[in-house]
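A.B. asks: Got target-v2.txt for you, compact mmCIF, C-alpha atoms:
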# COMPACT_ATOMS: atom_id res chain seq x y z
CA MET E 108 21.32 65.25 -117.50
CA LEU E 109 23.86 63.28 -115.49
CA LEU E 110 26.41 65.13 -113.36
CA CYS E 111 29.35 63.60 -111.47
CA ASP E 112 31.69 65.02 -108.84
CA VAL E 113 34.64 62.63 -108.57
CA GLY E 114 36.43 62.79 -105.22
CA ASN E 115 39.24 60.85 -103.61
CA THR E 116 36.87 58.24 -102.19
CA SER E 117 33.74 58.28 -104.35
CA TYR E 118 32.00 59.16 -107.60
CA HIS E 119 29.09 61.38 -106.54
CA PHE E 120 26.33 61.40 -109.20
CA LEU E 121 23.26 63.56 -109.68
CA ASP E 122 20.67 62.56 -112.25
CA ASP E 123 17.36 64.32 -112.83
CA LYS E 124 15.95 63.04 -109.57
CA ASN E 125 18.52 61.72 -107.11
CA ASP E 126 22.10 61.90 -106.02
CA TYR E 127 24.03 58.72 -105.23
CA LYS E 128 27.61 57.62 -104.66
CA GLU E 129 29.84 54.87 -106.03
CA SER E 130 33.17 53.91 -104.46
CA VAL E 131 36.28 54.82 -106.48
CA LYS E 132 37.60 51.37 -105.56
CA THR E 133 34.83 49.43 -107.28
CA PHE E 134 33.12 51.74 -109.80
CA ASN E 135 33.97 51.39 -113.49
CA PRO E 136 33.26 54.61 -115.45
CA HIS E 137 33.16 52.65 -118.73
CA ALA E 138 29.83 51.22 -117.51
CA ILE E 139 28.04 54.50 -118.22
CA LYS E 140 27.11 55.07 -121.86
CA GLU E 141 25.17 58.34 -121.62
CA LYS E 142 26.75 61.80 -121.50
CA VAL E 143 28.19 62.70 -118.08
CA TYR E 144 29.31 66.22 -117.13
CA TYR E 145 31.99 65.83 -114.48
CA ILE E 146 34.66 67.43 -112.39
CA CYS E 147 37.43 65.33 -110.81
CA VAL E 148 40.01 65.91 -108.06
CA ASN E 149 41.24 62.32 -108.13
CA PRO E 150 44.43 62.07 -110.25
CA HIS E 151 43.98 58.37 -110.98
CA ALA E 152 40.32 58.66 -112.06
CA LYS E 153 41.20 61.78 -114.08
CA LYS E 154 43.47 59.78 -116.39
CA VAL E 155 40.77 57.21 -117.08
CA LEU E 156 37.97 59.77 -117.62
CA GLU E 157 40.02 61.76 -120.12
CA THR E 158 39.95 58.76 -122.46
CA LEU E 159 36.14 58.50 -122.44
CA ASP E 160 34.26 60.56 -125.05
CA ASN E 161 30.94 60.65 -123.20
CA TRP E 162 32.54 62.09 -120.00
CA ILE E 163 32.72 65.91 -120.42
CA ASP E 164 35.25 67.65 -118.18
CA LEU E 165 33.57 70.87 -116.98
CA SER E 166 36.83 72.25 -115.54
CA ARG E 167 37.66 73.49 -119.06
CA HIS E 168 34.61 75.72 -119.10
CA VAL E 169 35.13 77.80 -115.97
CA ASP E 170 36.83 81.20 -115.90
CA MET E 171 39.98 80.38 -113.92
CA ARG E 172 41.24 83.95 -113.52
CA ASN E 173 39.53 84.32 -110.12
CA TYR E 174 41.07 81.13 -108.77
CA TYR E 175 44.55 79.70 -108.47
CA ASP E 176 46.21 76.97 -110.48
CA THR E 177 46.41 74.18 -107.92
CA MET E 178 43.02 74.88 -106.34
CA GLY E 179 40.82 71.77 -106.19
CA ILE E 180 38.19 71.85 -108.92
CA ASP E 181 35.50 70.83 -106.40
CA ARG E 182 36.22 73.98 -104.38
CA ILE E 183 36.04 76.08 -107.54
CA PHE E 184 32.64 74.69 -108.53
CA ALA E 185 31.24 75.14 -105.03
CA CYS E 186 32.36 78.79 -105.20
CA GLU E 187 30.72 79.15 -108.63
CA SER E 188 27.38 78.21 -107.05
CA ILE E 189 27.07 81.27 -104.77
CA SER E 190 27.53 85.05 -104.83
CA ASN E 191 28.31 85.67 -101.17
CA GLY E 192 29.19 83.41 -98.28
CA VAL E 193 31.63 81.08 -96.61
CA ILE E 194 31.61 77.54 -97.97
CA VAL E 195 32.74 74.82 -95.57
CA ASP E 196 33.18 71.58 -97.48
CA ALA E 197 33.76 68.80 -94.96
CA GLY E 198 35.18 65.77 -96.71
CA SER E 199 38.54 64.00 -96.35
CA ALA E 200 39.82 67.58 -96.03
CA ILE E 201 37.74 70.54 -94.83
CA THR E 202 38.06 73.42 -97.27
CA VAL E 203 36.84 76.86 -96.23
CA ASP E 204 36.32 79.33 -99.09
CA VAL E 205 35.07 82.90 -99.01
CA VAL E 206 33.11 84.37 -101.92
CA GLU E 207 32.22 88.07 -102.09
CA SER E 208 30.11 89.63 -104.88
CA GLY E 209 30.59 86.53 -106.99
CA VAL E 210 34.38 86.61 -106.66
CA PHE E 211 36.55 84.08 -104.77
CA VAL E 212 38.43 86.00 -102.04
CA GLY E 213 40.57 83.14 -100.76
CA GLY E 214 40.35 80.05 -98.64
CA PHE E 215 42.15 77.51 -96.54
CA ILE E 216 42.44 73.76 -96.08
CA TYR E 217 41.98 71.95 -92.78
CA PRO E 218 42.09 68.20 -92.10
CA GLY E 219 38.77 66.33 -92.28
CA VAL E 220 37.14 64.70 -89.25
CA LYS E 221 38.49 61.22 -89.93
CA ALA E 222 42.02 62.40 -90.82
CA MET E 223 42.24 64.57 -87.70
CA ALA E 224 40.99 61.85 -85.33
CA GLU E 225 43.62 59.57 -86.88
CA THR E 226 46.29 62.24 -86.36
CA TYR E 227 45.57 62.58 -82.64
CA LYS E 228 45.46 58.80 -82.22
CA ASN E 229 48.81 58.41 -83.99
CA ILE E 230 50.46 61.06 -81.79
CA SER E 231 49.49 59.10 -78.68
CA SER E 232 47.04 56.36 -77.77
CA ALA E 233 46.06 58.69 -74.90
CA LEU E 234 44.49 61.00 -77.54
CA ASN E 235 42.30 58.32 -79.12
CA TYR E 236 38.87 59.94 -78.67
CA SER E 237 36.02 60.85 -80.97
CA PHE E 238 35.33 64.60 -81.10
CA ASN E 239 32.73 66.25 -78.92
CA TYR E 240 30.63 68.42 -81.24
CA GLU E 241 28.56 69.67 -78.31
CA LEU E 242 31.62 71.19 -76.69
CA ASP E 243 31.12 74.47 -74.80
CA LEU E 244 33.09 76.79 -77.10
CA GLU E 245 33.30 79.53 -74.49
CA LYS E 246 35.30 77.53 -71.96
CA LEU E 247 38.85 76.20 -72.04
CA PRO E 248 38.67 72.43 -71.57
CA LYS E 249 39.72 70.45 -68.54
CA ASN E 250 39.54 66.94 -69.96
CA THR E 251 41.28 65.18 -72.84
CA LYS E 252 38.27 64.55 -75.09
CA ASP E 253 37.32 68.22 -74.96
CA ALA E 254 40.97 69.34 -75.22
CA ILE E 255 41.34 67.67 -78.63
CA SER E 256 37.80 68.69 -79.67
CA TYR E 257 38.59 72.32 -78.84
CA GLY E 258 41.92 72.07 -80.69
CA TYR E 259 40.16 70.73 -83.76
CA LEU E 260 36.76 72.46 -83.72
CA LYS E 261 36.82 75.67 -81.72
CA ILE E 262 39.61 77.32 -83.62
CA LEU E 263 38.04 76.30 -86.96
CA HIS E 264 34.73 77.71 -85.69
CA ASN E 265 36.22 81.06 -84.77
CA GLU E 266 37.94 81.50 -88.13
CA VAL E 267 34.78 80.61 -90.08
CA ILE E 268 32.51 83.00 -88.15
CA SER E 269 35.14 85.78 -88.27
CA HIS E 270 34.15 86.49 -91.89
CA SER E 271 30.59 87.50 -90.84
CA LYS E 272 28.96 85.89 -93.85
CA ASP E 273 26.30 83.25 -94.44
CA ILE E 274 27.81 79.82 -93.86
CA LEU E 275 27.11 76.97 -96.26
CA LEU E 276 28.01 73.46 -95.16
CA THR E 277 28.57 70.72 -97.70
CA GLY E 278 30.40 67.39 -97.95
CA GLY E 279 29.97 64.10 -96.11
CA ASP E 280 30.56 65.49 -92.62
CA ALA E 281 28.39 68.62 -93.00
CA ASP E 282 25.85 67.27 -90.47
CA LYS E 283 28.52 66.94 -87.78
CA LEU E 284 29.63 70.53 -88.28
CA LEU E 285 26.07 71.85 -88.11
CA LYS E 286 26.32 71.49 -84.32
CA LEU E 287 29.17 74.02 -84.39
CA PHE E 288 27.42 76.40 -86.77
CA PRO E 289 23.73 76.25 -85.83
CA HIS E 290 22.84 79.14 -88.17
CA ALA E 291 24.55 77.56 -91.18
CA LYS E 292 22.68 75.97 -94.07
CA ILE E 293 23.50 72.47 -95.21
CA ASP E 294 23.55 72.10 -98.99
CA LYS E 295 25.10 68.88 -100.22
CA THR E 296 24.40 69.82 -103.84
CA LEU E 297 26.48 73.04 -103.93
CA ILE E 298 29.02 71.59 -106.35
CA PHE E 299 26.24 70.32 -108.61
CA LYS E 300 24.64 73.78 -108.54
CA GLY E 301 27.96 75.28 -109.62
CA MET E 302 28.20 72.68 -112.39
CA LYS E 303 24.68 73.47 -113.64
CA LYS E 304 25.46 77.19 -113.60
CA VAL E 305 28.62 76.67 -115.69
CA ILE E 306 26.75 74.38 -118.13
CA ALA E 307 23.99 77.01 -118.53
CA LYS E 308 26.53 79.79 -119.14
CA LYS E 309 29.14 78.04 -121.27
CA LEU E 310 27.71 74.94 -122.97
CA MET V 228 70.90 67.49 -59.46
CA LEU V 229 69.77 65.56 -62.53
CA LEU V 230 66.29 66.18 -63.96
CA CYS V 231 64.62 64.27 -66.78
CA ASP V 232 61.47 64.96 -68.81
CA VAL V 233 60.58 61.73 -70.62
CA GLY V 234 58.51 62.25 -73.76
CA ASN V 235 57.23 60.01 -76.52
CA THR V 236 60.39 60.39 -78.57
CA SER V 237 63.20 61.34 -76.16
CA TYR V 238 64.58 61.51 -72.63
CA HIS V 239 65.29 65.21 -72.07
CA PHE V 240 67.89 65.69 -69.30
CA LEU V 241 69.05 68.74 -67.38
CA ASP V 242 72.13 68.50 -65.18
CA ASP V 243 73.73 71.42 -63.32
CA LYS V 244 75.01 72.91 -66.56
CA ASN V 245 73.39 71.61 -69.71
CA ASP V 246 70.32 70.03 -71.16
CA TYR V 247 70.60 67.15 -73.62
CA LYS V 248 68.41 64.50 -75.21
CA GLU V 249 68.58 60.75 -75.63
CA SER V 250 66.30 58.80 -77.98
CA VAL V 251 63.69 56.58 -76.30
CA LYS V 252 64.59 53.97 -78.89
CA THR V 253 68.23 53.59 -77.84
CA PHE V 254 68.59 55.01 -74.31
CA ASN V 255 68.78 52.56 -71.38
CA PRO V 256 67.71 54.24 -68.10
CA HIS V 257 69.56 51.55 -66.09
CA ALA V 258 72.79 53.18 -67.27
CA ILE V 259 72.31 56.10 -64.87
CA LYS V 260 73.30 55.37 -61.29
CA GLU V 261 72.81 58.78 -59.66
CA LYS V 262 69.45 60.11 -58.44
CA VAL V 263 67.20 61.39 -61.26
CA TYR V 264 64.04 63.41 -60.65
CA TYR V 265 61.73 62.74 -63.55
CA ILE V 266 58.33 63.11 -65.10
CA CYS V 267 57.17 60.78 -67.87
CA VAL V 268 54.35 60.83 -70.44
CA ASN V 269 55.58 57.70 -72.21
CA PRO V 270 53.61 54.64 -71.01
CA HIS V 271 56.34 52.19 -71.98
CA ALA V 272 59.20 54.11 -70.31
CA LYS V 273 56.99 54.69 -67.26
CA LYS V 274 56.82 50.96 -66.53
CA VAL V 275 60.61 50.62 -66.67
CA LEU V 276 61.33 53.73 -64.58
CA GLU V 277 58.96 52.65 -61.80
CA THR V 278 61.22 49.69 -61.13
CA LEU V 279 64.36 51.83 -60.65
CA ASP V 280 65.02 53.14 -57.11
CA ASN V 281 67.21 56.07 -58.17
CA TRP V 282 64.54 57.47 -60.55
CA ILE V 283 62.16 59.66 -58.46
CA ASP V 284 58.73 60.26 -60.03
CA LEU V 285 57.86 63.92 -59.34
CA SER V 286 54.26 63.48 -60.49
CA ARG V 287 53.47 62.19 -56.99
CA HIS V 288 54.50 65.50 -55.44
CA VAL V 289 52.30 67.95 -57.29
CA ASP V 290 48.90 69.18 -56.07
CA MET V 291 46.62 67.62 -58.69
CA ARG V 292 43.42 69.37 -57.62
CA ASN V 293 43.93 72.19 -60.12
CA TYR V 294 44.43 69.81 -63.04
CA TYR V 295 42.53 66.90 -64.53
CA ASP V 296 43.22 63.19 -64.29
CA THR V 297 44.33 62.41 -67.81
CA MET V 298 46.29 65.64 -68.34
CA GLY V 299 49.85 64.99 -69.53
CA ILE V 300 52.30 65.41 -66.67
CA ASP V 301 54.58 67.53 -68.90
CA ARG V 302 51.78 70.05 -69.35
CA ILE V 303 51.17 70.11 -65.60
CA PHE V 304 54.83 70.82 -64.81
CA ALA V 305 55.04 73.55 -67.44
CA CYS V 306 51.99 75.17 -65.81
CA GLU V 307 53.64 74.85 -62.37
CA SER V 308 56.54 76.99 -63.63
CA ILE V 309 54.54 80.20 -64.20
CA SER V 310 51.90 82.35 -62.48
CA ASN V 311 50.28 83.95 -65.51
CA GLY V 312 50.49 83.27 -69.22
CA VAL V 313 49.72 81.01 -72.14
CA ILE V 314 52.12 78.10 -72.57
CA VAL V 315 52.47 76.71 -76.09
CA ASP V 316 54.42 73.46 -75.96
CA ALA V 317 55.22 72.44 -79.53
CA GLY V 318 56.26 68.79 -79.61
CA SER V 319 54.64 65.77 -81.27
CA ALA V 320 51.44 67.49 -80.14
CA ILE V 321 51.06 71.21 -79.51
CA THR V 322 49.47 71.81 -76.12
CA VAL V 323 48.17 75.25 -75.25
CA ASP V 324 47.54 75.90 -71.56
CA VAL V 325 46.35 79.02 -69.79
CA VAL V 326 47.48 79.85 -66.24
CA GLU V 327 45.95 82.72 -64.25
CA SER V 328 47.13 83.77 -60.78
CA GLY V 329 48.99 80.49 -60.42
CA VAL V 330 45.94 78.39 -61.30
CA PHE V 331 45.46 76.29 -64.44
CA VAL V 332 42.37 77.64 -66.28
CA GLY V 333 42.22 75.04 -69.04
CA GLY V 334 43.91 74.14 -72.27
CA PHE V 335 43.68 72.33 -75.56
CA ILE V 336 45.65 69.92 -77.72
CA TYR V 337 46.55 70.50 -81.36
CA PRO V 338 48.63 68.29 -83.68
CA GLY V 339 52.38 68.99 -83.81
CA VAL V 340 54.13 70.28 -86.93
CA LYS V 341 55.30 66.89 -88.14
CA ALA V 342 51.98 65.13 -87.41
CA MET V 343 49.99 67.82 -89.19
CA ALA V 344 52.21 67.86 -92.30
CA GLU V 345 51.80 64.08 -92.42
CA THR V 346 48.02 64.45 -92.10
CA TYR V 347 47.76 66.78 -95.09
CA LYS V 348 50.06 64.56 -97.14
CA ASN V 349 47.97 61.48 -96.33
CA ILE V 350 44.72 63.21 -97.34
CA SER V 351 46.16 63.93 -100.78
CA SER V 352 49.58 64.04 -102.41
CA ALA V 353 48.48 67.47 -103.70
CA LEU V 354 48.71 68.72 -100.09
CA ASN V 355 52.30 67.57 -99.55
CA TYR V 356 53.91 70.92 -98.64
CA SER V 357 55.96 72.20 -95.72
CA PHE V 358 54.25 75.00 -93.80
CA ASN V 359 54.90 78.66 -94.54
CA TYR V 360 55.60 80.29 -91.16
CA GLU V 361 55.97 83.68 -92.84
CA LEU V 362 52.39 83.57 -94.06
CA ASP V 363 50.48 86.88 -94.15
CA LEU V 364 47.93 86.16 -91.41
CA GLU V 365 45.68 89.01 -92.49
CA LYS V 366 44.91 87.64 -95.93
CA LEU V 367 42.97 84.58 -97.07
CA PRO V 368 45.33 82.43 -99.16
CA LYS V 369 45.22 81.88 -102.88
CA ASN V 370 47.71 79.04 -103.20
CA THR V 371 47.89 75.53 -101.77
CA LYS V 372 51.00 75.93 -99.57
CA ASP V 373 49.48 78.96 -97.87
CA ALA V 374 46.01 77.37 -97.76
CA ILE V 375 47.30 74.51 -95.59
CA SER V 376 49.61 76.84 -93.62
CA TYR V 377 46.66 79.11 -92.84
CA GLY V 378 44.54 76.09 -91.88
CA TYR V 379 47.23 74.90 -89.51
CA LEU V 380 48.81 78.10 -88.20
CA LYS V 381 46.48 81.08 -88.51
CA ILE V 382 43.62 79.60 -86.56
CA LEU V 383 46.01 78.38 -83.84
CA HIS V 384 47.52 81.87 -83.75
CA ASN V 385 44.17 83.58 -83.27
CA GLU V 386 43.13 81.31 -80.43
CA VAL V 387 46.45 81.75 -78.60
CA ILE V 388 46.46 85.55 -78.82
CA SER V 389 42.74 85.74 -77.88
CA HIS V 390 43.69 85.16 -74.24
CA SER V 391 45.67 88.45 -74.12
CA LYS V 392 48.42 87.01 -71.94
CA ASP V 393 52.18 86.63 -72.17
CA ILE V 394 52.99 83.75 -74.51
CA LEU V 395 55.66 81.21 -73.58
CA LEU V 396 56.90 78.87 -76.28
CA THR V 397 58.56 75.61 -75.39
CA GLY V 398 59.21 72.20 -77.00
CA GLY V 399 61.22 71.15 -80.03
CA ASP V 400 59.33 73.28 -82.56
CA ALA V 401 59.20 76.47 -80.45
CA ASP V 402 61.55 78.27 -82.84
CA LYS V 403 59.23 77.66 -85.79
CA LEU V 404 56.26 79.10 -83.91
CA LEU V 405 58.21 82.20 -82.88
CA LYS V 406 57.61 83.54 -86.38
CA LEU V 407 53.87 83.44 -85.67
CA PHE V 408 54.18 84.98 -82.19
CA PRO V 409 56.98 87.52 -82.48
CA HIS V 410 56.32 88.91 -78.97
CA ALA V 411 56.44 85.47 -77.33
CA LYS V 412 59.35 84.25 -75.21
CA ILE V 413 61.03 80.95 -75.96
CA ASP V 414 61.84 78.97 -72.83
CA LYS V 415 62.81 75.38 -73.49
CA THR V 416 63.39 74.78 -69.77
CA LEU V 417 59.83 75.57 -68.58
CA ILE V 418 59.14 72.00 -67.53
CA PHE V 419 62.46 71.82 -65.69
CA LYS V 420 61.60 75.09 -63.90
CA GLY V 421 58.30 73.55 -62.83
CA MET V 422 60.16 70.45 -61.62
CA LYS V 423 62.63 72.54 -59.59
CA LYS V 424 59.76 74.51 -58.05
CA VAL V 425 57.99 71.31 -57.01
CA ILE V 426 61.24 69.84 -55.60
CA ALA V 427 61.86 73.06 -53.60
CA LYS V 428 58.33 73.03 -52.18
CA LYS V 429 57.73 69.34 -51.57
CA LEU V 430 61.00 67.41 -51.24
Show how you would write the structure in this file as structure tokens.

C.D. replies:
Amino acid sequence: MLLCDVGNTSYHFLDDKNDYKESVKTFNPHAIKEKVYYICVNPHAKKVLETLDNWIDLSRHVDMRNYYDTMGIDRIFACESISNGVIVDAGSAITVDVVESGVFVGGFIYPGVKAMAETYKNISSALNYSFNYELDLEKLPKNTKDAISYGYLKILHNEVISHSKDILLTGGDADKLLKLFPHAKIDKTLIFKGMKKVIAKKL
Amino acid sequence: MLLCDVGNTSYHFLDDKNDYKESVKTFNPHAIKEKVYYICVNPHAKKVLETLDNWIDLSRHVDMRNYYDTMGIDRIFACESISNGVIVDAGSAITVDVVESGVFVGGFIYPGVKAMAETYKNISSALNYSFNYELDLEKLPKNTKDAISYGYLKILHNEVISHSKDILLTGGDADKLLKLFPHAKIDKTLIFKGMKKVIAKKL
């Protein structure tokens, strides 16, 4: 079985053994002839995939009543994969979603690492620093690198732990955030797990 | 007495009666012949102002031991104006600084309203919303506008109130943030108050 999670920057595949990525800029979905179960947040790719018979859009097979209309389908499938917890998906955006007793409670969207570093840099060249993930979260900063790191990371940290649930990190920047949430679990296949669960239930 | 707080986008003046702004793009500081006490965070304007004898740089007259080297001089002068409190200066960046018994404890830097809206929009056109300042802060969102508003505003809110101090809002977007901090005071002249205090003490 071939699964694919199509994002804004890459096609993320999982076959029976491995997961691998292809850039949205260079990958041609026509090249795959076998059946692919996919979800897609990328509006451009979506249009192409809809025309291909062997690409099966799993978004049609999920019970949407728990979610909201404009919610990214990747967030929905990550939520489908667990019964309880906070999912932090760190990609081009960081989405934080809370699931309780198998039901999506709500969630929020925060800029991703790259987007936020860019934001600070664009405000002023004086704010052009990489983030310090080893920041002391208990202490108000007294230098610029920590002042932007605290602004970006500490307040995200406090919101995420405020829900007192298991924390699941996924997405390309999950490893960076593990420093902030040492008790969290990294699971880069959460979305695929949600996809498999929906396939098992509905297809 | 003429005071001027030079930012990245405007020259903010205070004369004996009124405050007013001039764009950094069009204003020519040579045009002013009287004495101007100023502070300046804008590297380009700084170079020009240093060459003008009637523009007096107040940054040289503040005791820097309480602050840190690369801290914006506007933040320092806002801190000089109070003895206790949290200052939230909402401009192109939002700086949050804590002062206790007249001493700067520390602070952090968060993207300003415009920069953050731009960040979300650049991540995905699906995130192109203005922020909802009337967001219910007690409830995890279930729609995109609130999901980005919560990501931007709620977690800032919680950090600011966590210090259990009087909150002072200043800067161009102070009015917007008042909805989040209904017990805060808006004081758009904080930096000027700090400048006057330093002039009274040191000049």

A.B. asks: Quick one: residues within 8 Å of Asp400 in chain V, only C-alpha atoms counted, chain neighbours fewer than 6 positions away excluded, as a PDB file with C-alpha atoms, in the coordinates of the input?

C.D. replies:
ATOM      1  CA  ALA V 317      55.220  72.440 -79.530  1.00  0.00           C
ATOM      2  CA  GLY V 318      56.260  68.790 -79.610  1.00  0.00           C
ATOM      3  CA  VAL V 340      54.130  70.280 -86.930  1.00  0.00           C
TER       4      VAL V 340
END

A.B. asks: Tell me as a PyMOL selection string which residues belonging to chain E come within 8 Å of chain V, counting all atoms listed in the file.

C.D. replies: chain E and resi 174-178+199-200+212-218+222-223+226-227+230+246-251+253-255+257-259+262-263+265-266

A.B. asks: Could you give me, as a PyMOL selection string, the residues within 6 Å of range 287-298 of chain E, counting only C-alpha atoms and dropping anything in the same chain fewer than 2 positions from it?

C.D. replies: chain E and resi 184-185+274-278+284-285+300-301

A.B. asks: Write the residues you've just listed into a file as a compact mmCIF listing (two decimals), in the frame of the given file, and include C-alpha atoms for each of them.

C.D. replies:
# COMPACT_ATOMS: atom_id res chain seq x y z
CA PHE E 184 32.64 74.69 -108.53
CA ALA E 185 31.24 75.14 -105.03
CA ILE E 274 27.81 79.82 -93.86
CA LEU E 275 27.11 76.97 -96.26
CA LEU E 276 28.01 73.46 -95.16
CA THR E 277 28.57 70.72 -97.70
CA GLY E 278 30.40 67.39 -97.95
CA LEU E 284 29.63 70.53 -88.28
CA LEU E 285 26.07 71.85 -88.11
CA LYS E 300 24.64 73.78 -108.54
CA GLY E 301 27.96 75.28 -109.62

A.B. asks: Tell me, in Å to one decimal, how far CA of Lys309 in chain E is from CA of Ser130 in chain E.

C.D. replies: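 Pair CA of Lys309 in chain E / CA of Ser130 in chain E returns 29.7 Å.
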
A.B. asks: What gap, in Å, lies between CA of Val330 in chain V and CA of His239 in chain V?

C.D. replies: 25.8 Å

A.B. asks: Show me the residues around (58.1, 66.7, -48.3) - criterion: an atom at most 12 Å away, only C-alpha atoms counted - as a PyMOL selection string.

C.D. replies: chain V and resi 285+287-289+425-430

A.B. asks: As an exercise, work out the distance from CA of Val195 in chain E to CA of Ser391 in chain V in Å and give it to one decimal place.

C.D. replies: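 Distance between the two atoms: 28.5 Å.
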
A.B. asks: So that I can see what lies close to Leu229 in chain V, please list as a list in words the residues with an atom at most 9 Å from it, counting only C-alpha atoms and leaving out residues fewer than 6 positions away in the same chain.

C.D. replies: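 Residues near the query, excluding close chain neighbours: Phe240, Leu241, Asp242, Asp243, Glu261, Lys262, Val263, Tyr264 and Tyr265 of chain V.
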
A.B. asks: Restricting the calculation to all atoms listed in the file: of E:Ala152, E:Tyr127, E:Asn135, E:Arg172, which residue gets closest to Val113 in chain E?

C.D. replies: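 That would be E:Ala152, the residue with the smallest distance to Val113 in chain E.
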
A.B. asks: Determine, counting all atoms listed in the file, every residue of protein, DNA or RNA that lies within 12 Å of (61.9, 52.0, -74.4) in the file coordinates, then give the result as a PyMOL selection string.

C.D. replies: chain V and resi 233-238+249-257+267+269-276

A.B. asks: Taking 6 positions as the minimum chain separation for residues in the same chain, which residues sit within 9 Å of Asn311 in chain V when counting all atoms listed in the file? Answer as a short mmCIF file (atom, residue, chain, number, x, y, z; two decimals) with C-alpha atoms, keeping the file's coordinate frame.

C.D. replies:
data_model
loop_
_atom_site.label_atom_id
_atom_site.label_comp_id
_atom_site.auth_asym_id
_atom_site.auth_seq_id
_atom_site.Cartn_x
_atom_site.Cartn_y
_atom_site.Cartn_z
CA VAL V 325 46.35 79.02 -69.79
CA VAL V 326 47.48 79.85 -66.24
CA GLU V 327 45.95 82.72 -64.25
CA SER V 328 47.13 83.77 -60.78
CA GLY V 329 48.99 80.49 -60.42
CA VAL V 330 45.94 78.39 -61.30
CA LYS V 392 48.42 87.01 -71.94
CA ASP V 393 52.18 86.63 -72.17
#

A.B. asks: How big is the axis-aligned box around all listed atoms of range 254-273 of chain V once 8 Å goes on each side, and where's its centre, in Å to one decimal, as lines of an AutoDock Vina configuration file?

C.D. replies:
center_x = 63.5
center_y = 57.5
center_z = -66.4
size_x = 35.7
size_y = 27.9
size_z = 31.9
